[in-house]
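With compact mmCIF, C-alpha atoms inside, this is final-v2.txt:
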```
# COMPACT_ATOMS: atom_id res chain seq x y z
CA MET P 183 -7.42 7.13 29.29
CA GLU P 184 -4.99 4.34 28.58
CA LEU P 185 -3.10 3.67 25.38
CA GLY P 186 -1.40 0.49 26.58
CA GLY P 187 -0.29 -1.69 23.69
CA LYS P 188 -1.04 0.95 21.05
CA ARG P 189 1.83 1.52 18.63
CA ILE P 190 1.88 5.25 17.95
CA GLY P 191 4.12 7.04 15.48
CA PHE P 192 4.94 10.58 16.59
CA ALA P 193 6.41 12.87 13.94
CA LEU P 194 7.83 16.33 14.56
CA THR P 195 8.17 18.96 11.85
CA GLY P 196 9.87 22.34 12.03
CA SER P 197 7.60 24.59 14.07
CA PHE P 198 10.26 24.80 16.75
CA CYS P 199 8.40 27.34 18.90
CA THR P 200 5.87 24.65 19.89
CA PHE P 201 8.40 21.94 20.82
CA SER P 202 8.24 22.44 24.59
CA LYS P 203 4.47 21.80 24.56
CA VAL P 204 4.85 18.91 22.11
CA MET P 205 7.46 17.21 24.33
CA THR P 206 4.97 17.35 27.22
CA GLU P 207 2.42 15.52 25.05
CA LEU P 208 5.01 12.95 24.03
CA GLU P 209 5.62 12.27 27.73
CA LYS P 210 1.86 11.98 28.34
CA LEU P 211 1.60 9.39 25.56
CA ARG P 212 4.41 7.39 27.14
CA ASP P 213 2.83 7.66 30.59
CA ARG P 214 -0.48 6.39 29.19
CA GLY P 215 1.25 3.25 27.97
CA ALA P 216 1.73 3.99 24.26
CA ASP P 217 4.57 2.28 22.43
CA ILE P 218 5.97 5.34 20.62
CA TYR P 219 7.89 5.28 17.34
CA PRO P 220 9.49 8.73 16.91
CA VAL P 221 9.92 10.40 13.52
CA MET P 222 11.75 13.69 12.90
CA SER P 223 11.65 15.61 9.66
CA GLU P 224 14.99 16.09 8.01
CA THR P 225 14.82 19.77 9.00
CA VAL P 226 14.21 19.01 12.66
CA TRP P 227 16.91 16.32 12.61
CA SER P 228 19.58 18.75 11.40
CA THR P 229 18.55 22.24 12.57
CA SER P 230 19.43 24.07 15.77
CA THR P 231 17.43 27.18 16.64
CA ARG P 232 16.97 29.63 19.49
CA PHE P 233 14.53 27.07 20.93
CA GLY P 234 17.22 24.41 21.27
CA THR P 235 19.80 22.39 19.39
CA SER P 236 19.02 19.43 17.17
CA ASP P 237 21.11 17.23 19.48
CA GLU P 238 19.08 18.33 22.52
CA PHE P 239 15.82 17.48 20.74
CA LYS P 240 17.13 14.09 19.60
CA GLN P 241 18.35 13.24 23.08
CA ARG P 242 15.04 14.19 24.70
CA VAL P 243 12.92 12.31 22.15
CA ARG P 244 15.07 9.17 22.48
CA ALA P 245 14.84 9.37 26.29
CA ILE P 246 11.04 9.65 26.19
CA CYS P 247 10.41 7.02 23.53
CA GLY P 248 13.23 4.59 24.20
CA LYS P 249 13.71 4.06 20.47
CA ASP P 250 15.87 5.27 17.63
CA ILE P 251 14.38 8.13 15.64
CA ILE P 252 13.21 7.63 12.06
CA HIS P 253 14.72 10.56 10.18
CA ASP P 254 14.84 9.67 6.49
CA ILE P 255 12.55 8.28 3.80
CA LYS P 256 14.26 4.89 3.87
CA GLY P 257 13.44 4.55 7.56
CA ALA P 258 9.80 5.66 7.13
CA GLU P 259 8.90 3.55 4.09
CA PRO P 260 8.52 0.22 6.00
CA ILE P 261 5.65 1.68 8.06
CA GLY P 262 3.34 0.71 5.20
CA PRO P 263 4.31 -2.86 4.34
CA LYS P 264 5.26 -3.84 7.91
CA HIS P 265 2.05 -2.25 9.28
CA PHE P 266 3.61 -1.57 12.68
CA LEU P 267 1.63 1.56 13.67
CA ASP P 268 -1.91 1.85 14.98
CA ALA P 269 -1.86 5.62 14.38
CA LEU P 270 0.50 8.44 13.46
CA VAL P 271 0.57 11.87 15.11
CA VAL P 272 2.25 14.80 13.36
CA ALA P 273 2.84 17.46 16.00
CA PRO P 274 3.69 20.13 15.24
CA CYS P 275 2.66 19.96 11.61
CA THR P 276 3.95 22.86 9.51
CA GLY P 277 2.14 24.39 6.57
CA ASN P 278 4.73 22.87 4.28
CA THR P 279 3.95 19.36 5.53
CA ILE P 280 0.18 20.00 5.47
CA ALA P 281 0.41 21.07 1.82
CA LYS P 282 2.45 18.00 0.89
CA ILE P 283 0.08 15.59 2.64
CA ALA P 284 -2.94 17.26 1.02
CA LEU P 285 -1.33 16.98 -2.42
CA GLY P 286 0.08 13.47 -1.97
CA ILE P 287 3.73 14.55 -2.08
CA THR P 288 6.05 12.14 -0.26
CA ASP P 289 9.50 13.69 -0.42
CA THR P 290 10.29 13.74 3.33
CA CYS P 291 10.31 11.08 6.00
CA VAL P 292 7.24 12.61 7.68
CA THR P 293 5.17 12.68 4.50
CA MET P 294 6.32 9.13 3.71
CA ALA P 295 5.27 8.04 7.20
CA ALA P 296 1.87 9.73 6.71
CA LYS P 297 1.36 8.08 3.33
CA ALA P 298 2.44 4.68 4.66
CA ASN P 299 0.11 5.00 7.66
CA LEU P 300 -2.88 6.08 5.56
CA ARG P 301 -2.21 3.18 3.16
CA ASN P 302 -3.00 0.91 6.10
CA GLN P 303 -6.26 2.75 6.86
CA CYS P 304 -4.90 3.92 10.23
CA PRO P 305 -5.61 7.30 11.82
CA LEU P 306 -3.40 10.27 11.02
CA VAL P 307 -3.62 13.00 13.70
CA ILE P 308 -2.43 16.46 12.67
CA ALA P 309 -1.57 19.30 15.07
CA VAL P 310 -1.30 22.34 12.81
CA SER P 311 1.22 25.09 13.52
CA THR P 312 1.67 27.52 10.65
CA ASN P 313 1.58 31.23 9.90
CA ASP P 314 -0.27 30.71 6.60
CA ALA P 315 -3.15 28.47 7.74
CA LEU P 316 -5.83 31.02 6.87
CA GLY P 317 -3.95 32.19 3.78
CA ALA P 318 -2.14 30.02 1.25
CA ASN P 319 -2.69 26.83 3.26
CA ALA P 320 -6.41 27.24 3.98
CA LYS P 321 -7.35 25.10 0.99
CA ASN P 322 -4.96 22.34 2.07
CA ILE P 323 -6.34 22.29 5.62
CA GLY P 324 -9.81 22.07 4.07
CA VAL P 325 -8.73 19.06 2.02
CA LEU P 326 -7.42 17.31 5.15
CA LEU P 327 -10.54 18.15 7.18
CA GLY P 328 -12.61 16.34 4.57
CA ALA P 329 -10.32 13.33 4.12
CA GLY P 330 -10.88 9.90 5.59
CA ASN P 331 -8.73 8.73 8.52
CA ILE P 332 -7.31 12.24 9.09
CA TYR P 333 -8.10 13.92 12.39
CA MET P 334 -7.19 17.45 13.47
CA VAL P 335 -6.09 18.51 16.94
CA PRO P 336 -8.33 21.48 17.81
CA PHE P 337 -6.78 24.79 16.79
CA ALA P 338 -7.16 28.55 17.15
CA GLN P 339 -5.62 31.75 15.86
CA ASP P 340 -2.59 32.35 18.05
CA ASP P 341 -2.27 36.09 17.35
CA PRO P 342 -5.17 37.42 15.24
CA VAL P 343 -3.87 40.99 15.20
CA ALA P 344 -0.18 40.55 14.40
CA LYS P 345 -0.52 37.24 12.49
CA PRO P 346 -4.09 37.03 11.16
CA ASP P 347 -3.41 33.97 8.96
CA SER P 348 -1.73 31.93 11.70
CA LEU P 349 -3.24 28.89 13.44
CA VAL P 350 -1.77 26.73 16.18
CA ALA P 351 -3.24 23.53 17.56
CA ASP P 352 -3.90 23.26 21.27
CA MET P 353 -1.05 20.84 21.90
CA SER P 354 -2.54 19.87 25.27
CA LEU P 355 -5.27 18.06 23.29
CA VAL P 356 -2.97 15.79 21.25
CA CYS P 357 -3.61 12.74 23.47
CA ASP P 358 -7.38 13.33 23.63
CA THR P 359 -7.55 13.80 19.85
CA LEU P 360 -5.56 10.60 19.33
CA GLN P 361 -7.86 8.63 21.64
CA GLU P 362 -10.91 9.81 19.71
CA ALA P 363 -9.22 9.10 16.38
CA LEU P 364 -8.44 5.53 17.44
CA ASP P 365 -12.19 5.17 18.00
CA GLY P 366 -12.91 6.70 14.56
CA ARG P 367 -14.14 10.06 15.84
CA GLN P 368 -12.99 13.64 15.36
CA ILE P 369 -12.72 15.46 18.71
CA GLN P 370 -15.05 18.47 18.83
CA PRO P 371 -15.08 21.37 18.52
CA VAL P 372 -12.19 21.56 16.08
CA VAL P 373 -12.03 25.37 16.07
CA ARG P 374 -11.43 26.72 19.57
CA GLN P 375 -11.29 30.09 21.27
CA ARG P 376 -7.81 31.48 21.73
CA ASN P 377 -6.55 31.24 25.33
```
Mind converting the file's structure to structure tokens?
Amino acid sequence: MELGGKRIGFALTGSFCTFSKVMTELEKLRDRGADIYPVMSETVWSTSTRFGTSDEFKQRVRAICGKDIIHDIKGAEPIGPKHFLDALVVAPCTGNTIAKIALGITDTCVTMAAKANLRNQCPLVIAVSTNDALGANAKNIGVLLGAGNIYMVPFAQDDPVAKPDSLVADMSLVCDTLQEALDGRQIQPVVRQRN
């Protein structure tokens, strides 16, 4: 599957434990010819964790995408009026960001990018990664599942015994989900068996 000439926004939010898998998908998008516009939430931009430093993440994303990273609302706002994306991927997408998108709150660069992209009737692909997906955020995920131009990367419970409310997208399906979304289809099945 080729994505040559497609202008794809790729936004990362703060589920740091999934970043290694997400970086692999970012590389796959590049290798399939996508022109990638990276976006980092303010939290990702400024936070170092046991999974890596913010500087390491910035350096790797810049190396993969070959572009500066959008990391504030001012940088994300032009996505709407300049209409320079064919689709936006949010991977990983935290429960906080899911709730804000579902409720139309645009107080971060990622939610502004999502709003701007949806304004242009372009696909928004969400790769959920949150411990409260089947709890406090279940209603918000339901809203997004029923919304136009929003597509979900297939997901599963990552640890049903220790974290029964937690869902994580199968990050290896980001590119396939995006390809389907660009054709106006939701990849199926959305709910998968845990590996």
Kindly indicate which residue among P:Thr206, P:Asn313, P:Ile252, P:Ala295 lies nearest to Pro342 in chain P, using all atoms listed in the file for the distances.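 Going through P:Thr206, P:Asn313, P:Ile252, P:Ala295 one by one, the smallest distance to Pro342 in chain P is for P:Asn313.
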Kindly assemble as a Markdown table a list of the range 219-310 of chain P residues that lie within 12 Å of range 319-324 of chain P, each paired with its nearest atom pair and their distance in Å to one decimal, using only C-alpha atoms, sorted first by chain and then by ascending residue number.
```
| residue | atom | partner | partner_atom | distance |
| --- | --- | --- | --- | --- |
| P:Cys275 | CA | P:Ile323 | CA | 11.1 |
| P:Thr276 | CA | P:Asn319 | CA | 9.9 |
| P:Gly277 | CA | P:Asn319 | CA | 6.3 |
| P:Asn278 | CA | P:Asn319 | CA | 8.5 |
| P:Thr279 | CA | P:Asn322 | CA | 10.0 |
| P:Ile280 | CA | P:Asn322 | CA | 6.6 |
| P:Ala281 | CA | P:Asn322 | CA | 5.5 |
| P:Lys282 | CA | P:Asn322 | CA | 8.7 |
| P:Ile283 | CA | P:Asn322 | CA | 8.4 |
| P:Ala284 | CA | P:Asn322 | CA | 5.6 |
| P:Leu285 | CA | P:Asn322 | CA | 7.9 |
| P:Gly286 | CA | P:Asn322 | CA | 11.0 |
| P:Ile308 | CA | P:Ile323 | CA | 9.9 |
| P:Ala309 | CA | P:Ile323 | CA | 11.0 |
| P:Val310 | CA | P:Ile323 | CA | 8.8 |
```
Taking (8.2, 9.3, 2.1) in the file's own coordinates, collect the residues within 12 Å, counting all atoms listed in the file, and hand them back as JSON, numbers by chain. {"P": [221, 223, 224, 252, 253, 254, 255, 256, 257, 258, 259, 260, 261, 262, 279, 282, 283, 286, 287, 288, 289, 290, 291, 292, 293, 294, 295, 296, 297, 298, 299]}
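Checking P:Arg212, P:Pro274, P:Asp268, P:Ala245 one by one against Arg189 in chain P, counting only C-alpha atoms, you find the shortest gap at P:Asp268.
The space between CA of Ser202 in chain P and CA of Lys188 in chain P spans 23.7 Å.
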Would you kindly identify which residues have an atom no farther than 8 Å from (-7.7, 15.1, 14.4), using all atoms listed in the file and the file's own coordinates, and write them out as a list in words? Leu306, Val307, Ile308, Ala309, Ile332, Tyr333, Met334, Val335, Pro336, Thr359, Leu360, Ala363, Gln368 and Ile369 of chain P
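Taking CA of Glu209 in chain P and CA of Pro263 in chain P as endpoints, the distance between them is 27.9 Å.
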Restricting the calculation to all atoms listed in the file, which member of P:Val343, P:Val372, P:Cys357, P:Leu316 is positioned closest to Asp213 in chain P?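 Going through P:Val343, P:Val372, P:Cys357, P:Leu316 one by one, the smallest distance to Asp213 in chain P is for P:Cys357.
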Option closest in space to Leu270 in chain P, from P:Asp314, P:Asp341, P:Asp217, P:Glu238 [counting only C-alpha atoms]: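 Closest candidate: P:Asp217.
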Closest of P:Cys199, P:Leu267, P:Leu194, P:Ile218 to Lys240 in chain P - atom-to-atom distances counting all atoms listed in the file: P:Leu194
So that all listed atoms of range 196-207 of chain P fit with 6 Å spare on each side, what axis-aligned box centre and edge lengths in Å, to one decimal, would you give as JSON?
```
{"center_x": 6.3, "center_y": 21.4, "center_z": 19.6, "size_x": 19.8, "size_y": 23.8, "size_z": 27.2}
```
Would you please work out which residue, of P:Leu364, P:Gly317, P:Ser236, P:Ala216, is nearest to Pro346 in chain P when using only C-alpha atoms?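 Distance minimum relative to Pro346 in chain P lands on P:Gly317.
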Between CA of Lys210 in chain P and CA of Gln375 in chain P - distance in Å to one decimal: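 Pair CA of Gln375 in chain P / CA of Lys210 in chain P returns 23.5 Å.
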Residue neighbourhood Lys249 in chain P, 9 Å, all atoms listed in the file, exclusion window fewer than 5 positions, as JSON, numbers by chain: {"P": [218, 219, 220, 243, 244]}
